file model_0.cif (mmCIF, C-alpha atoms)
data_upload
#
loop_
_atom_site.label_atom_id
_atom_site.label_comp_id
_atom_site.auth_asym_id
_atom_site.auth_seq_id
_atom_site.Cartn_x
_atom_site.Cartn_y
_atom_site.Cartn_z
CA MET W 1 20.00 -19.32 -7.90
CA GLU W 2 18.91 -16.29 -5.86
CA GLU W 3 19.10 -16.46 -2.09
CA ILE W 4 15.98 -16.22 0.03
CA GLY W 5 16.78 -12.62 1.01
CA GLN W 6 17.07 -11.60 -2.63
CA LEU W 7 13.85 -13.45 -3.42
CA ILE W 8 11.98 -11.51 -0.74
CA GLY W 9 13.41 -8.19 -1.89
CA LYS W 10 12.70 -8.78 -5.57
CA GLY W 11 9.24 -10.06 -4.76
CA PHE W 12 8.55 -6.82 -2.92
CA GLY W 13 9.67 -4.86 -5.98
CA ILE W 14 7.36 -6.80 -8.28
CA TRP W 15 4.46 -6.37 -5.83
CA LYS W 16 4.86 -2.57 -5.92
CA MET W 17 4.32 -2.70 -9.69
CA ASN W 18 1.28 -5.01 -9.34
CA LEU W 19 -0.88 -3.64 -6.55
CA ASN W 20 -3.88 -5.38 -8.08
CA LEU W 21 -2.56 -8.66 -6.66
CA CYS W 22 -4.78 -7.95 -3.63
CA ILE W 23 -7.97 -8.24 -5.71
CA PRO W 24 -8.47 -12.03 -5.15
CA PHE W 25 -8.23 -11.55 -1.39
CA ILE W 26 -10.71 -8.67 -1.42
CA CYS W 27 -13.11 -10.68 -3.56
CA ASN W 28 -12.77 -13.66 -1.23
CA LEU W 29 -13.56 -11.47 1.79
CA PHE W 30 -16.70 -9.95 0.30
CA ALA W 31 -17.90 -13.26 -1.15
CA SER W 32 -17.40 -14.94 2.25
CA ILE W 33 -19.38 -12.17 3.97
CA LEU W 34 -22.25 -12.62 1.52
CA ILE W 35 -22.23 -16.40 1.97
CA VAL W 36 -22.24 -16.18 5.76
CA ALA W 37 -25.05 -13.60 5.70
CA ALA W 38 -27.13 -15.71 3.29
CA PHE W 39 -26.72 -18.87 5.35
CA PHE W 40 -27.54 -17.14 8.61
CA ILE W 41 -30.71 -15.78 7.04
CA ALA W 42 -31.54 -19.32 5.90
CA ILE W 43 -30.85 -20.66 9.40
CA PHE W 44 -33.07 -17.98 10.89
CA VAL W 45 -35.87 -18.88 8.45
CA ALA W 46 -35.49 -22.55 9.43
CA ALA W 47 -35.88 -21.58 13.09
CA ILE W 48 -38.97 -19.41 12.56
CA PRO W 49 -41.45 -22.20 13.45
CA PHE W 50 -39.89 -22.38 16.92
CA LEU W 51 -40.29 -18.66 17.60
CA GLY W 52 -43.98 -19.08 18.10
CA GLU W 53 -46.66 -16.58 17.19
CA ASP W 54 -45.23 -13.90 19.45
CA TRP W 55 -42.62 -12.20 17.25
CA THR W 56 -41.61 -9.96 20.15
CA GLN W 57 -39.29 -12.86 21.08
CA LEU W 58 -36.95 -11.55 18.41
CA GLU W 59 -36.13 -8.56 20.57
CA ASP W 60 -34.94 -10.87 23.34
CA LEU W 61 -32.55 -12.93 21.19
CA GLU W 62 -29.73 -10.51 21.96
CA GLY W 63 -29.86 -11.32 25.65
CA PRO W 64 -27.38 -13.75 27.22
CA GLY W 65 -28.40 -17.36 26.76
CA ALA W 66 -31.35 -16.45 24.53
CA MET W 67 -30.13 -18.45 21.54
CA GLU W 68 -29.39 -21.44 23.79
CA ASP W 69 -32.95 -21.32 25.12
CA LEU W 70 -34.31 -21.12 21.58
CA PHE W 71 -32.43 -24.18 20.34
CA ALA W 72 -33.04 -26.08 23.59
CA GLY W 73 -36.67 -26.45 22.59
CA MET W 74 -35.79 -28.24 19.37
CA GLY W 75 -35.39 -31.95 18.92
CA TRP W 76 -32.52 -33.46 16.97
CA GLN W 77 -34.81 -33.90 13.96
CA ASP W 78 -35.55 -30.18 14.05
CA LEU W 79 -31.86 -29.35 14.20
CA LEU W 80 -30.97 -31.43 11.12
CA PRO W 81 -31.84 -28.67 8.59
CA ILE W 82 -29.73 -26.19 10.56
CA ILE W 83 -26.83 -28.66 10.77
CA PHE W 84 -27.00 -29.24 7.00
CA LEU W 85 -27.09 -25.50 6.41
CA LEU W 86 -24.00 -25.03 8.55
CA LEU W 87 -22.18 -27.80 6.69
CA GLY W 88 -23.28 -26.24 3.42
CA MET W 89 -21.96 -22.87 4.54
CA MET W 90 -18.58 -24.38 5.40
CA ALA W 91 -18.41 -26.14 2.03
CA ALA W 92 -19.38 -22.98 0.16
CA LEU W 93 -16.78 -20.92 2.04
CA SER W 94 -14.12 -23.52 1.26
CA LEU W 95 -15.05 -23.62 -2.44
CA VAL W 96 -14.99 -19.83 -2.72
CA GLY W 97 -11.70 -19.67 -0.83
CA SER W 98 -10.24 -22.33 -3.14
CA TYR W 99 -11.37 -20.41 -6.20
CA PHE W 100 -9.77 -17.13 -5.18
CA ASN W 101 -6.69 -18.84 -3.73
CA ALA W 102 -6.05 -20.47 -7.10
CA GLY W 103 -6.80 -17.16 -8.78
CA ALA W 104 -4.30 -15.32 -6.56
CA ILE W 105 -1.56 -17.81 -7.48
CA GLY W 106 -2.45 -17.43 -11.15
CA MET W 107 -2.12 -13.65 -10.93
CA ALA W 108 1.20 -13.93 -9.08
CA ARG W 109 2.52 -16.31 -11.73
CA GLN W 110 1.54 -13.89 -14.49
CA ALA W 111 3.23 -10.99 -12.65
CA LEU W 112 6.44 -13.01 -12.39
CA GLU W 113 6.38 -14.19 -16.00
CA GLU W 114 5.16 -11.05 -17.76
CA GLY W 115 5.84 -8.26 -15.26
CA ARG W 116 2.17 -7.27 -15.08
CA SER W 117 -0.78 -9.08 -13.58
CA ARG W 118 -4.37 -8.89 -14.83
CA THR W 119 -7.63 -9.98 -13.25
CA SER W 120 -8.25 -12.22 -16.25
CA ALA W 121 -5.53 -14.51 -14.88
CA MET W 122 -7.47 -14.74 -11.61
CA TRP W 123 -10.70 -15.83 -13.29
CA SER W 124 -8.88 -18.27 -15.56
CA ALA W 125 -6.84 -19.94 -12.81
CA GLY W 126 -9.83 -19.96 -10.48
CA ARG W 127 -12.10 -21.72 -12.96
CA LYS W 128 -9.42 -24.22 -13.93
CA HIS W 129 -8.10 -25.19 -10.51
CA PHE W 130 -10.76 -24.39 -7.88
CA TRP W 131 -12.06 -27.96 -7.60
CA ASN W 132 -8.62 -29.53 -7.24
CA MET W 133 -7.68 -26.77 -4.79
CA PHE W 134 -10.82 -27.58 -2.78
CA LEU W 135 -9.91 -31.28 -2.70
CA LEU W 136 -6.34 -30.40 -1.74
CA SER W 137 -7.51 -28.24 1.17
CA LEU W 138 -9.82 -31.07 2.27
CA ILE W 139 -6.99 -33.62 2.21
CA MET W 140 -4.68 -31.26 4.11
CA ALA W 141 -7.39 -30.59 6.70
CA LEU W 142 -7.99 -34.33 7.19
CA ALA W 143 -4.23 -34.91 7.50
CA THR W 144 -4.08 -32.22 10.18
CA MET W 145 -7.07 -33.68 12.03
CA ALA W 146 -5.33 -37.05 12.03
CA GLY W 147 -2.96 -35.53 14.58
CA LEU W 148 -5.79 -35.66 17.13
CA ILE W 149 -4.67 -39.22 17.74
CA PHE W 150 -2.09 -37.73 20.08
CA LEU W 151 -4.94 -36.71 22.40
CA LEU W 152 -6.39 -40.22 22.71
CA PRO W 153 -4.17 -41.44 25.61
CA GLY W 154 -5.43 -38.68 27.87
CA ILE W 155 -9.08 -38.51 26.80
CA GLU W 156 -10.12 -41.51 28.89
CA GLN W 157 -8.95 -39.76 32.03
CA LEU W 158 -10.44 -36.39 31.10
CA GLY W 159 -13.58 -36.96 33.15
CA GLU W 160 -11.62 -37.67 36.30
CA ALA W 161 -9.40 -34.66 35.64
CA LEU W 162 -12.41 -32.35 35.40
CA SER W 163 -13.86 -33.81 38.60
CA GLY W 164 -10.78 -32.72 40.55
CA ASN W 165 -9.60 -36.22 41.44
CA PRO W 166 -6.01 -35.92 42.78
CA ASP W 167 -5.14 -39.21 41.11
CA SER W 168 -5.96 -37.73 37.69
CA LEU W 169 -2.90 -35.48 37.48
CA GLU W 170 -1.24 -38.06 35.27
CA GLY W 171 -4.21 -37.83 32.93
CA LEU W 172 -3.88 -34.06 32.82
CA GLY W 173 -0.23 -34.48 31.92
CA LEU W 174 -1.12 -36.87 29.11
CA ILE W 175 -3.70 -34.46 27.76
CA LEU W 176 -1.27 -31.57 27.88
CA ALA W 177 1.50 -33.62 26.24
CA GLY W 178 -0.92 -34.82 23.56
CA PHE W 179 -2.07 -31.28 22.88
CA LEU W 180 1.51 -30.05 22.52
CA LEU W 181 2.33 -32.95 20.19
CA PHE W 182 -0.74 -32.13 18.10
CA ILE W 183 0.31 -28.47 17.80
CA LEU W 184 3.84 -29.52 16.83
CA TYR W 185 2.47 -32.02 14.29
CA ALA W 186 0.18 -29.39 12.74
CA LEU W 187 3.01 -26.86 12.47
CA VAL W 188 5.40 -29.35 10.86
CA LEU W 189 2.69 -30.48 8.45
CA SER W 190 1.90 -26.88 7.47
CA ILE W 191 5.57 -26.30 6.63
CA ILE W 192 6.01 -29.53 4.67
CA LEU W 193 2.80 -29.05 2.66
CA ALA W 194 3.21 -25.28 2.12
CA PRO W 195 4.41 -25.68 -1.52
CA ALA W 196 1.54 -28.02 -2.50
CA PRO W 197 -1.05 -25.35 -3.52
CA TYR W 198 1.54 -23.64 -5.72
CA ALA W 199 2.49 -26.93 -7.35
CA LEU W 200 -1.18 -27.55 -8.06
CA VAL W 201 -1.78 -24.25 -9.88
CA ILE W 202 1.63 -23.61 -11.44
CA GLU W 203 2.09 -27.13 -12.81
CA GLY W 204 -1.60 -27.92 -13.28
CA LEU W 205 -1.54 -31.00 -11.05
CA GLY W 206 -4.29 -32.88 -9.26
CA PRO W 207 -4.56 -32.75 -5.45
CA VAL W 208 -2.64 -35.98 -4.77
CA ALA W 209 0.02 -35.21 -7.38
CA ALA W 210 0.34 -31.69 -5.94
CA ILE W 211 1.02 -33.12 -2.48
CA LYS W 212 3.68 -35.43 -3.90
CA ALA W 213 5.26 -32.55 -5.85
CA GLY W 214 5.15 -30.37 -2.73
CA LEU W 215 6.89 -33.05 -0.68
CA VAL W 216 9.60 -33.43 -3.32
CA PHE W 217 10.02 -29.66 -3.47
CA PHE W 218 10.35 -29.47 0.32
CA ARG W 219 12.86 -32.31 0.30
CA TYR W 220 15.25 -30.35 -1.91
CA ASN W 221 14.47 -26.87 -0.54
CA LYS W 222 14.00 -27.43 3.19
CA PHE W 223 15.94 -24.37 4.31
CA ASP W 224 14.26 -21.93 1.92
CA VAL W 225 10.77 -23.22 2.72
CA LEU W 226 11.41 -23.04 6.46
CA ILE W 227 12.89 -19.53 6.33
CA LEU W 228 10.06 -18.14 4.19
CA TRP W 229 7.49 -19.83 6.41
CA LEU W 230 9.08 -18.24 9.49
CA VAL W 231 9.18 -14.81 7.82
CA VAL W 232 5.51 -15.01 6.87
CA VAL W 233 4.43 -16.24 10.32
CA ALA W 234 6.52 -13.57 12.06
CA LEU W 235 5.02 -10.77 9.94
CA SER W 236 1.50 -12.11 10.51
CA LEU W 237 2.03 -12.34 14.29
CA VAL W 238 3.46 -8.82 14.47
CA LEU W 239 0.51 -7.44 12.52
CA GLN W 240 -1.96 -9.32 14.72
CA MET W 241 -0.28 -8.08 17.89
CA ILE W 242 -0.42 -4.49 16.66
CA GLY W 243 -4.07 -4.87 15.71
CA SER W 244 -4.92 -6.49 19.06
CA SER W 245 -3.18 -3.73 21.00
CA PHE W 246 -5.20 -1.11 19.12
CA SER W 247 -8.50 -2.99 19.49
CA MET W 248 -8.02 -3.27 23.28
CA GLY W 249 -7.39 0.46 23.59
CA GLU W 250 -10.06 2.34 25.50
CA SER W 251 -9.91 5.43 23.28
CA ASP W 252 -12.11 5.56 20.17
CA ALA W 253 -9.07 6.72 18.25
CA PHE W 254 -7.62 3.20 18.47
CA GLN W 255 -10.50 1.63 16.52
CA PRO W 256 -9.58 3.15 13.12
CA LEU W 257 -5.97 2.10 13.74
CA SER W 258 -7.13 -1.47 14.33
CA ALA W 259 -9.06 -1.36 11.04
CA ILE W 260 -5.95 -0.06 9.29
CA THR W 261 -3.88 -3.03 10.46
CA THR W 262 -6.59 -5.34 9.10
CA LEU W 263 -6.43 -3.57 5.74
CA VAL W 264 -2.65 -3.84 5.73
CA GLY W 265 -2.94 -7.60 6.16
CA LEU W 266 -5.51 -7.85 3.38
CA LEU W 267 -4.02 -5.40 0.86
CA VAL W 268 -0.30 -5.84 1.52
CA LEU W 269 0.73 -8.89 3.51
CA ALA W 270 -1.60 -11.44 1.88
CA PRO W 271 -0.69 -10.66 -1.76
CA LEU W 272 2.98 -10.18 -0.91
CA THR W 273 3.12 -13.53 0.88
CA ASN W 274 1.41 -15.24 -2.06
CA LEU W 275 3.92 -13.63 -4.44
CA TRP W 276 6.87 -14.78 -2.33
CA TRP W 277 5.70 -18.39 -2.25
CA THR W 278 4.94 -18.37 -5.98
CA ARG W 279 8.36 -16.91 -6.78
CA LEU W 280 10.09 -19.42 -4.51
CA TYR W 281 8.41 -22.35 -6.25
CA MET W 282 8.95 -21.04 -9.76
CA SER W 283 12.56 -19.96 -9.20
CA ARG W 284 13.60 -23.25 -7.62
CA LYS W 285 11.88 -25.15 -10.44
CA GLY W 286 13.76 -23.14 -13.06
CA MET W 287 10.65 -21.34 -14.33
CA ILE W 288 12.07 -17.84 -13.80
CA LYS W 289 15.13 -16.60 -15.63
CA GLU W 290 16.99 -13.58 -14.29
CA GLU W 291 17.26 -11.88 -17.70
CA GLU W 292 13.49 -12.02 -18.09
CA VAL W 293 12.71 -10.16 -14.86
CA LYS W 294 15.77 -8.00 -14.26
CA ASP W 295 13.88 -4.88 -15.33
CA LEU W 296 11.11 -5.46 -12.76
CA TRP W 297 13.02 -4.53 -9.59
#
call {"tool": "encode", "arguments": {"input": "model_0.cif", "output": "C-alpha cells"}}
result
Amino acid sequence: MEEIGQLIGKGFGIWKMNLNLCIPFICNLFASILIVAAFFIAIFVAAIPFLGEDWTQLEDLEGPGAMEDLFAGMGWQDLLPIIFLLLGMMAALSLVGSYFNAGAIGMARQALEEGRSRTSAMWSAGRKHFWNMFLLSLIMALATMAGLIFLLPGIEQLGEALSGNPDSLEGLGLILAGFLLFILYALVLSIILAPAPYALVIEGLGPVAAIKAGLVFFRYNKFDVLILWLVVVALSLVLQMIGSSFSMGESDAFQPLSAITTLVGLLVLAPLTNLWWTRLYMSRKGMIKEEEVKDLW
C-alpha cells in the first residue's frame, strides 16, 4: 500500500497527463454564472411592478440603500415570488454542482484506471449519479446545520448582550463558546464525511449507503484522510491568501495577478484535489494495482 506522500506525488504525475480533468470545474463555473444571471433577471422582472411608471428609478438602484428602499415597499405576499426564485436558484446551483462534481470524480476514476480521461466519462457519471450526489450534499448540509444547536444556550441572552447590559457577559461567553463548538463540529464532520462523495460515484451507492461507506472508510483510514484533508486545506488557504494580497494591492498590476491565482485554483488545485481523493479511495479499497499504473508517473 502506497504512503500518502507517494499517493500525492503519483497523483500529480497522472494529472500532468490529464489536464482535461479541469473541464468539469470550468463547466460548473460557467453554468453557475448563467443560472445566477437568469434568476436575477427573473427576480428583476418580478420586481418591475414596484418600480412604478417612472423607469428613471433604475438609474438610482446603484445608490446605497436603494435596493432596501425598493423591497421595503413590498408586502410579504409580494416577496413570495422572489423568495421562491431564490430558493429555486439555490436548488439549481446545487443540482448543477452535483452533476459536475460526480462527473469530475468519474473522469478522475477513468484517468486512474485507464491512464487517460475523456469528457464522455464526465457526462456519463454526471447523468448517473447527479441526483444521489444532490441528496448526499443535502444530507451533509443538514447534518452540518444540526451543529447550530451549540448556539442555543447563548441565544436567549443575545438581546441583553447587544443592549450592553454588564450582566450579559456570561451570555456573550456562551455565544462565543457555542460558535467555536459549531466551527469545530463542522470541521470534524467535513473530515469524517470527506470520502462519502467518492464512495457514491466509485461504488455506485445511494446517498445513505455512501455516508455509511464513507464512515467505514474513515474508520480504517483515519490518518490518511486527515493528512490529505490538511494538505488540501493548506494549499487552498495559501492560494486564497496570495489572491487576497494581490486583490488588496493599490496598483492595477495586482489585478491580473489576482485573476491568475483564481485560475490556478480552478485549473490546477481543484482537479488535482479531486484526483488525490479519488486515488486515495480507490487505492485503499484495492481498486488500483501498481502494475496497472506504473507507466503513468
call {"tool": "resolve_selection", "arguments": {"input": "model_0.cif", "expression": "the PyMOL selection byres ((chain W and resi 96) around 12)", "output": "number ranges by chain"}}
result
W: 24-25, 27-36, 89-95, 97-103, 126-127, 129-131, 133-134, 137
call {"tool": "closest_residue", "arguments": {"input": "model_0.cif", "among": "W:Ala209, W:Val216, W:Leu21, W:Ile192", "to": "Ala111 in chain W", "atoms": "only C-alpha atoms"}}
result
W:Leu21
call {"tool": "axis_aligned_box", "arguments": {"input": "model_0.cif", "around": "range 268-273 of chain W", "padding_each_side": "8 Å", "output": "AutoDock Vina command-line options"}}
result
--center_x 0.8 --center_y -9.7 --center_z 0.9 --size_x 20.7 --size_y 23.7 --size_z 21.3
call {"tool": "closest_residue", "arguments": {"input": "model_0.cif", "among": "W:Phe12, W:Phe150, W:Phe179, W:Tyr281", "to": "Ala196 in chain W", "atoms": "all atoms listed in the file"}}
result
W:Tyr281
call {"tool": "closest_residue", "arguments": {"input": "model_0.cif", "among": "W:Val201, W:Leu7, W:Leu228, W:Leu180", "to": "Ala121 in chain W", "atoms": "all atoms listed in the file"}}
result
W:Val201
call {"tool": "resolve_selection", "arguments": {"input": "model_0.cif", "expression": "the PyMOL selection byres ((chain W and resi 275) around 12)", "output": "PyMOL selection string"}}
result
chain W and resi 7-16+18-22+101+104-113+117+198+228+232+268-274+276-283
call {"tool": "residues_around", "arguments": {"input": "model_0.cif", "residues": "range 146-149 of chain W", "least_positions_apart": "6", "cutoff": "12 Å", "atoms": "all atoms listed in the file", "output": "JSON, numbers by chain"}}
result
{"W": [139, 140, 155, 175, 177, 178, 179, 180, 181, 182, 183, 184, 185, 186, 187, 188, 189]}
call {"tool": "atom_distance", "arguments": {"input": "model_0.cif", "atom1": "CA of Thr119 in chain W", "atom2": "CA of Leu205 in chain W"}}
result
22.0 Å
call {"tool": "atom_distance", "arguments": {"input": "model_0.cif", "atom1": "CA of Ala199 in chain W", "atom2": "CA of Phe223 in chain W"}}
result
18.0 Å
call {"tool": "atom_distance", "arguments": {"input": "model_0.cif", "atom1": "CA of Thr261 in chain W", "atom2": "CA of Gly243 in chain W"}}
result
5.6 Å
call {"tool": "resolve_selection", "arguments": {"input": "model_0.cif", "expression": "the PyMOL selection byres ((chain W and resi 221) around 12)", "output": "PyMOL selection string"}}
result
chain W and resi 1+3-4+191-192+194-195+214-220+222-228+280-281+283-285
call {"tool": "closest_residue", "arguments": {"input": "model_0.cif", "among": "W:Ala141, W:Leu86, W:Leu135, W:Leu79", "to": "Ala38 in chain W", "atoms": "all atoms listed in the file"}}
result
W:Leu86
call {"tool": "decode", "arguments": {"input": "model_0.cif", "residues": "range 64-153 of chain W", "atoms": "C-alpha atoms", "output": "mmCIF file, in the first residue's frame"}}
result
data_model
loop_
_atom_site.group_PDB
_atom_site.id
_atom_site.type_symbol
_atom_site.label_atom_id
_atom_site.label_comp_id
_atom_site.auth_asym_id
_atom_site.auth_seq_id
_atom_site.Cartn_x
_atom_site.Cartn_y
_atom_site.Cartn_z
ATOM 1 C CA PRO W 64 -26.547 52.941 -1.165
ATOM 2 C CA GLY W 65 -29.732 51.610 0.366
ATOM 3 C CA ALA W 66 -31.642 51.829 -2.926
ATOM 4 C CA MET W 67 -32.472 48.123 -3.066
ATOM 5 C CA GLU W 68 -33.559 48.179 0.582
ATOM 6 C CA ASP W 69 -35.937 51.052 -0.170
ATOM 7 C CA LEU W 70 -37.317 49.180 -3.160
ATOM 8 C CA PHE W 71 -38.104 45.998 -1.234
ATOM 9 C CA ALA W 72 -39.334 47.950 1.806
ATOM 10 C CA GLY W 73 -42.417 48.914 -0.174
ATOM 11 C CA MET W 74 -43.391 45.300 -0.757
ATOM 12 C CA GLY W 75 -45.591 43.198 1.460
ATOM 13 C CA TRP W 76 -44.720 39.634 2.383
ATOM 14 C CA GLN W 77 -47.142 38.365 -0.272
ATOM 15 C CA ASP W 78 -45.241 40.377 -2.869
ATOM 16 C CA LEU W 79 -41.936 38.939 -1.708
ATOM 17 C CA LEU W 80 -43.076 35.313 -2.008
ATOM 18 C CA PRO W 81 -42.267 35.021 -5.757
ATOM 19 C CA ILE W 82 -38.799 36.451 -5.133
ATOM 20 C CA ILE W 83 -38.232 34.080 -2.201
ATOM 21 C CA PHE W 84 -39.276 31.105 -4.339
ATOM 22 C CA LEU W 85 -36.979 32.276 -7.118
ATOM 23 C CA LEU W 86 -34.073 32.492 -4.696
ATOM 24 C CA LEU W 87 -34.798 29.005 -3.378
ATOM 25 C CA GLY W 88 -35.061 27.769 -6.948
ATOM 26 C CA MET W 89 -31.714 29.352 -7.777
ATOM 27 C CA MET W 90 -30.070 27.630 -4.813
ATOM 28 C CA ALA W 91 -31.575 24.276 -5.809
ATOM 29 C CA ALA W 92 -30.495 24.703 -9.431
ATOM 30 C CA LEU W 93 -26.944 25.631 -8.393
ATOM 31 C CA SER W 94 -26.783 22.597 -6.114
ATOM 32 C CA LEU W 95 -28.063 20.262 -8.846
ATOM 33 C CA VAL W 96 -25.585 21.609 -11.386
ATOM 34 C CA GLY W 97 -22.763 21.404 -8.850
ATOM 35 C CA SER W 98 -23.748 17.807 -8.037
ATOM 36 C CA TYR W 99 -23.765 16.905 -11.721
ATOM 37 C CA PHE W 100 -20.285 18.221 -12.428
ATOM 38 C CA ASN W 101 -18.912 17.011 -9.097
ATOM 39 C CA ALA W 102 -19.985 13.479 -9.975
ATOM 40 C CA GLY W 103 -18.613 13.994 -13.467
ATOM 41 C CA ALA W 104 -15.242 15.139 -12.110
ATOM 42 C CA ILE W 105 -14.962 12.001 -9.954
ATOM 43 C CA GLY W 106 -15.902 9.872 -12.954
ATOM 44 C CA MET W 107 -13.148 11.447 -15.050
ATOM 45 C CA ALA W 108 -10.600 11.020 -12.242
ATOM 46 C CA ARG W 109 -11.551 7.360 -11.899
ATOM 47 C CA GLN W 110 -11.093 6.810 -15.631
ATOM 48 C CA ALA W 111 -7.677 8.530 -15.530
ATOM 49 C CA LEU W 112 -6.577 6.239 -12.708
ATOM 50 C CA GLU W 113 -7.904 3.071 -14.331
ATOM 51 C CA GLU W 114 -7.006 3.696 -17.968
ATOM 52 C CA GLY W 115 -4.322 6.389 -17.820
ATOM 53 C CA ARG W 116 -6.372 8.825 -19.904
ATOM 54 C CA SER W 117 -9.541 10.697 -19.062
ATOM 55 C CA ARG W 118 -12.256 11.682 -21.538
ATOM 56 C CA THR W 119 -15.168 14.075 -21.232
ATOM 57 C CA SER W 120 -17.526 11.210 -22.032
ATOM 58 C CA ALA W 121 -16.804 9.886 -18.530
ATOM 59 C CA MET W 122 -17.926 13.232 -17.103
ATOM 60 C CA TRP W 123 -21.283 13.172 -18.893
ATOM 61 C CA SER W 124 -21.845 9.512 -18.048
ATOM 62 C CA ALA W 125 -21.034 9.824 -14.337
ATOM 63 C CA GLY W 126 -22.939 13.103 -14.107
ATOM 64 C CA ARG W 127 -26.128 11.663 -15.575
ATOM 65 C CA LYS W 128 -25.907 8.515 -13.486
ATOM 66 C CA HIS W 129 -25.079 9.992 -10.088
ATOM 67 C CA PHE W 130 -26.159 13.658 -10.037
ATOM 68 C CA TRP W 131 -29.421 13.045 -8.163
ATOM 69 C CA ASN W 132 -27.835 10.886 -5.471
ATOM 70 C CA MET W 133 -24.988 13.397 -5.214
ATOM 71 C CA PHE W 134 -27.565 16.175 -4.750
ATOM 72 C CA LEU W 135 -29.299 14.218 -1.982
ATOM 73 C CA LEU W 136 -25.936 13.474 -0.374
ATOM 74 C CA SER W 137 -24.974 17.161 -0.363
ATOM 75 C CA LEU W 138 -28.382 17.986 1.140
ATOM 76 C CA ILE W 139 -27.956 15.413 3.920
ATOM 77 C CA MET W 140 -24.432 16.645 4.656
ATOM 78 C CA ALA W 141 -25.638 20.255 4.754
ATOM 79 C CA LEU W 142 -28.459 19.356 7.165
ATOM 80 C CA ALA W 143 -26.007 17.422 9.344
ATOM 81 C CA THR W 144 -23.755 20.482 9.453
ATOM 82 C CA MET W 145 -26.663 22.789 10.282
ATOM 83 C CA ALA W 146 -27.576 20.481 13.153
ATOM 84 C CA GLY W 147 -24.462 21.811 14.863
ATOM 85 C CA LEU W 148 -26.282 25.117 15.376
ATOM 86 C CA ILE W 149 -27.698 23.511 18.496
ATOM 87 C CA PHE W 150 -24.466 24.562 20.185
ATOM 88 C CA LEU W 151 -25.589 28.188 19.817
ATOM 89 C CA LEU W 152 -28.920 27.691 21.605
ATOM 90 C CA PRO W 153 -27.656 28.212 25.201
#
